[in-house]
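One file, final_12.csv, is given below (CSV, C-alpha atoms).
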chain,number,residue,atom,x,y,z
A,1,MET,CA,0.0,0.0,0.0
A,2,ILE,CA,1.1,3.5,-0.8
A,3,LEU,CA,0.1,6.4,1.4
A,4,LEU,CA,-0.7,9.5,-0.7
A,5,VAL,CA,-0.3,12.6,1.5
A,6,ASN,CA,-1.5,16.1,0.5
A,7,GLY,CA,-0.8,19.2,2.5
A,8,PRO,CA,-2.4,22.5,3.2
A,9,ASN,CA,-4.7,24.2,0.7
A,10,LEU,CA,-4.6,21.3,-1.8
A,11,ASN,CA,-8.3,20.7,-0.9
A,12,LEU,CA,-8.9,23.9,-2.8
A,13,LEU,CA,-7.4,22.6,-6.1
A,14,GLY,CA,-9.4,23.5,-9.1
A,15,GLU,CA,-10.5,26.8,-7.5
A,16,ARG,CA,-7.3,28.3,-6.0
A,17,GLU,CA,-4.9,30.0,-8.4
A,18,PRO,CA,-5.8,27.9,-11.5
A,19,ASP,CA,-3.2,29.6,-13.5
A,20,VAL,CA,-0.5,28.1,-11.2
A,21,TYR,CA,-2.2,24.8,-10.1
A,22,GLY,CA,-4.6,24.1,-12.9
A,23,ARG,CA,-8.3,23.3,-12.8
A,24,THR,CA,-8.1,19.6,-11.7
A,25,THR,CA,-9.5,19.1,-8.2
A,26,LEU,CA,-7.8,17.0,-5.5
A,27,ARG,CA,-10.6,14.5,-5.7
A,28,GLU,CA,-9.9,14.1,-9.5
A,29,ILE,CA,-6.2,13.6,-8.8
A,30,GLU,CA,-6.9,11.0,-6.2
A,31,ASP,CA,-9.2,9.2,-8.6
A,32,MET,CA,-6.6,9.4,-11.3
A,33,VAL,CA,-4.0,7.8,-9.0
A,34,ARG,CA,-6.5,5.1,-7.8
A,35,HIS,CA,-7.3,4.3,-11.4
A,36,ALA,CA,-3.6,4.1,-12.3
A,37,CYS,CA,-3.1,1.7,-9.4
A,38,ALA,CA,-5.5,-0.7,-11.0
A,39,GLY,CA,-2.7,-1.3,-13.5
A,40,TRP,CA,-0.2,-2.2,-10.8
A,41,LYS,CA,-0.4,-4.6,-7.9
A,42,VAL,CA,-0.5,-1.8,-5.4
A,43,ASP,CA,-3.2,0.0,-3.4
A,44,VAL,CA,-3.3,3.7,-2.5
A,45,VAL,CA,-4.8,5.4,0.6
A,46,ALA,CA,-5.2,9.2,0.2
A,47,PHE,CA,-5.0,11.7,3.0
A,48,GLN,CA,-5.1,15.5,3.0
A,49,SER,CA,-4.8,17.9,5.9
A,50,ASN,CA,-4.2,21.6,6.4
A,51,HIS,CA,-2.6,20.8,9.8
A,52,GLU,CA,1.0,19.8,10.1
A,53,GLY,CA,0.5,17.6,13.2
A,54,GLU,CA,-2.2,15.6,11.4
A,55,ILE,CA,0.1,15.0,8.5
A,56,ILE,CA,2.9,13.9,10.9
A,57,GLU,CA,0.5,11.5,12.6
A,58,ALA,CA,-0.7,10.1,9.2
A,59,ILE,CA,3.0,9.4,8.2
A,60,GLN,CA,3.7,7.8,11.6
A,61,SER,CA,0.6,5.7,11.3
A,62,ALA,CA,1.8,4.4,7.9
A,63,ARG,CA,4.6,2.5,9.7
A,64,GLY,CA,3.9,-1.2,9.5
A,65,SER,CA,1.0,-0.8,7.0
A,66,ALA,CA,2.4,1.2,4.0
A,67,ASP,CA,5.1,0.2,1.7
A,68,GLY,CA,5.8,3.8,0.6
A,69,ILE,CA,4.7,7.4,0.8
A,70,ILE,CA,4.0,9.9,-2.0
A,71,ILE,CA,3.7,13.4,-0.5
A,72,ASN,CA,2.9,16.8,-1.7
A,73,PRO,CA,3.8,18.8,1.4
A,74,ALA,CA,2.5,22.0,-0.3
A,75,ALA,CA,3.3,25.0,2.0
A,76,PHE,CA,5.0,22.8,4.5
A,77,THR,CA,7.7,22.0,1.8
A,78,THR,CA,9.8,25.0,2.9
A,79,THR,CA,9.0,25.0,6.7
A,80,SER,CA,8.4,21.6,8.2
A,81,VAL,CA,11.3,19.9,10.0
A,82,GLY,CA,8.5,17.9,11.7
A,83,ILE,CA,7.4,16.3,8.4
A,84,LEU,CA,11.0,15.7,7.4
A,85,ASP,CA,11.7,13.9,10.7
A,86,ALA,CA,8.5,11.9,10.5
A,87,ILE,CA,9.4,10.6,7.0
A,88,LYS,CA,12.9,9.8,8.2
A,89,GLY,CA,11.5,8.2,11.4
A,90,VAL,CA,9.2,5.7,9.7
A,91,GLY,CA,11.9,4.4,7.4
A,92,LEU,CA,9.6,4.1,4.4
A,93,PRO,CA,10.6,5.2,0.9
A,94,ALA,CA,9.0,8.5,0.0
A,95,ILE,CA,8.7,10.6,-3.2
A,96,GLU,CA,8.0,14.3,-3.0
A,97,VAL,CA,5.6,15.7,-5.6
A,98,HIS,CA,4.4,19.1,-6.7
A,99,LEU,CA,2.0,20.3,-9.4
A,100,SER,CA,4.0,23.4,-10.3
A,101,ASN,CA,7.7,23.7,-10.9
A,102,ILE,CA,8.8,25.0,-7.6
A,103,HIS,CA,12.3,25.7,-9.0
A,104,ALA,CA,10.8,28.2,-11.4
A,105,ARG,CA,8.8,30.1,-8.8
A,106,GLU,CA,9.6,32.5,-5.9
A,107,ASP,CA,13.0,31.9,-4.3
A,108,PHE,CA,11.5,30.8,-1.0
A,109,ARG,CA,9.7,27.9,-2.7
A,110,ARG,CA,12.8,26.5,-4.3
A,111,ARG,CA,14.3,24.9,-1.2
A,112,SER,CA,12.5,21.8,0.1
A,113,LEU,CA,13.1,20.7,3.7
A,114,ILE,CA,11.4,17.5,2.8
A,115,SER,CA,13.4,16.3,-0.2
A,116,PRO,CA,16.5,15.0,1.8
A,117,ALA,CA,14.2,12.3,3.2
A,118,CYS,CA,12.9,11.3,-0.2
A,119,LEU,CA,14.0,9.1,-3.0
A,120,GLY,CA,13.4,12.0,-5.4
A,121,GLN,CA,11.2,14.9,-6.2
A,122,ILE,CA,8.8,15.3,-9.2
A,123,CYS,CA,7.4,18.7,-10.0
A,124,GLY,CA,6.1,20.9,-12.7
A,125,PHE,CA,3.9,18.4,-14.6
A,126,GLY,CA,0.5,19.3,-13.1
A,127,PRO,CA,-1.6,16.3,-12.1
A,128,GLU,CA,0.7,14.1,-14.2
A,129,SER,CA,3.4,14.7,-11.5
A,130,TYR,CA,1.3,12.3,-9.2
A,131,LEU,CA,1.2,9.6,-11.9
A,132,LEU,CA,4.9,9.9,-12.5
A,133,ALA,CA,5.5,9.6,-8.7
A,134,LEU,CA,3.2,6.6,-8.6
A,135,ARG,CA,5.1,4.9,-11.4
A,136,ALA,CA,8.4,5.6,-9.8
A,137,MET,CA,7.2,4.3,-6.4
A,138,ALA,CA,5.7,1.2,-8.0
A,139,HIS,CA,9.0,0.5,-9.8
A,140,HIS,CA,11.0,1.1,-6.6
A,141,LEU,CA,8.8,-1.3,-4.7
A,142,GLY,CA,9.0,-3.9,-7.5
A,143,ALA,CA,5.2,-3.8,-8.0
A,144,ALA,CA,4.3,-5.8,-11.1
A,145,ALA,CA,1.8,-4.6,-13.7
A,146,ALA,CA,-1.5,-6.4,-13.3
A,147,PRO,CA,-2.3,-9.0,-16.0

Just give me the structure as structure tokens.
Amino acid sequence: MILLVNGPNLNLLGEREPDVYGRTTLREIEDMVRHACAGWKVDVVAFQSNHEGEIIEAIQSARGSADGIIINPAAFTTTSVGILDAIKGVGLPAIEVHLSNIHAREDFRRRSLISPACLGQICGFGPESYLLALRAMAHHLGAAAAP
């Protein structure tokens, strides 16, 4: 099982700054990921919160039940040592994902505190970023394509 974690304000996708984040809603992205999982021998559990502590608790709860984490920490990307430590602490492979290219945006968005705990970072491809992260995680976990 892969835990899909989405951080603050991502519940507003489709409405919030569509010129930056697009018009696809979080629900549509989660459905896209679940549909893509049907092609792999892997399940996904989606979680979103605007609260750092809830995200940390979800990551910690994944210990022993998840095989990996895909996380869009959103605004916590640049601020959360707590999320960094939680990912390190559970010892699960993680991939950081972003809809926009954070490296082409404001300077403060370019440095991720989360990425040192991750296998890699995928950003800038809109909702496709999630599918790329899922494919990378499935490959990392050795998940086989369903017949």

If you take all atoms listed in the file and a cut-off of 8 Å, which residues of stretch 60-139 of chain A touch stretch 20-36 of chain A, and what are their nearest atom pairs and distances in Å to one decimal, in chain and number order, as JSON lines?
{"residue": "A:Leu99", "atom": "CA", "partner": "A:Tyr21", "partner_atom": "CA", "distance": 6.2}
{"residue": "A:Ser100", "atom": "CA", "partner": "A:Tyr21", "partner_atom": "CA", "distance": 6.4}
{"residue": "A:Gly126", "atom": "CA", "partner": "A:Tyr21", "partner_atom": "CA", "distance": 6.8}
{"residue": "A:Pro127", "atom": "CA", "partner": "A:Ile29", "partner_atom": "CA", "distance": 6.3}
{"residue": "A:Tyr130", "atom": "CA", "partner": "A:Val33", "partner_atom": "CA", "distance": 7.0}
{"residue": "A:Leu131", "atom": "CA", "partner": "A:Val33", "partner_atom": "CA", "distance": 6.2}
{"residue": "A:Leu134", "atom": "CA", "partner": "A:Val33", "partner_atom": "CA", "distance": 7.3}

Could those selected residues go to a file with C-alpha atoms, as a CSV table (one decimal), in the coordinates of the input?
chain,number,residue,atom,x,y,z
A,99,LEU,CA,2.0,20.3,-9.4
A,100,SER,CA,4.0,23.4,-10.3
A,126,GLY,CA,0.5,19.3,-13.1
A,127,PRO,CA,-1.6,16.3,-12.1
A,130,TYR,CA,1.3,12.3,-9.2
A,131,LEU,CA,1.2,9.6,-11.9
A,134,LEU,CA,3.2,6.6,-8.6

Query - Contacts of stretch 7-13 of chain A at 6 Å (all atoms listed in the file; same-chain gap of 6+ positions) as a list of chain:residue names - result: A:Thr25, A:Leu26, A:Gln48, A:Ser49, A:Asn50, A:Pro73, A:Ala74

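What separates atom CA of A:Ala66 from atom CA of A:Val42 is a distance of 10.3 Å.
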
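If you measure from each of A:His98, A:Arg16, A:Lys41, A:Arg105 to A:Gly120 using all atoms listed in the file, the closest one turns out to be A:His98.
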
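The interatomic distance for the pair atom CA of A:Gly124 and atom CA of A:Gln60 works out to 27.7 Å.
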
Query raised in the report: Of the candidates A:Glu17, A:Asp67, A:Glu52, A:Asp107, which one gets nearest to A:Leu4 if we count only C-alpha atoms?
Result: A:Asp67

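Here the residues that fall within 9 Å of (-6.0, 1.0, 1.3), using all atoms listed in the file, are given as Met1, Ile2, Leu3, Asp43, Val44, Val45, Ala46 and Ala66 of chain A.
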
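Coordinates place atom CA of A:Leu113 at a distance of 5.5 Å from atom CA of A:Thr78.
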
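Each of A:Ala38, A:Ile95, A:Ile59, A:Ile83 was checked against A:Leu132 using all atoms listed in the file; the smallest atom-to-atom distance is that of A:Ile95.
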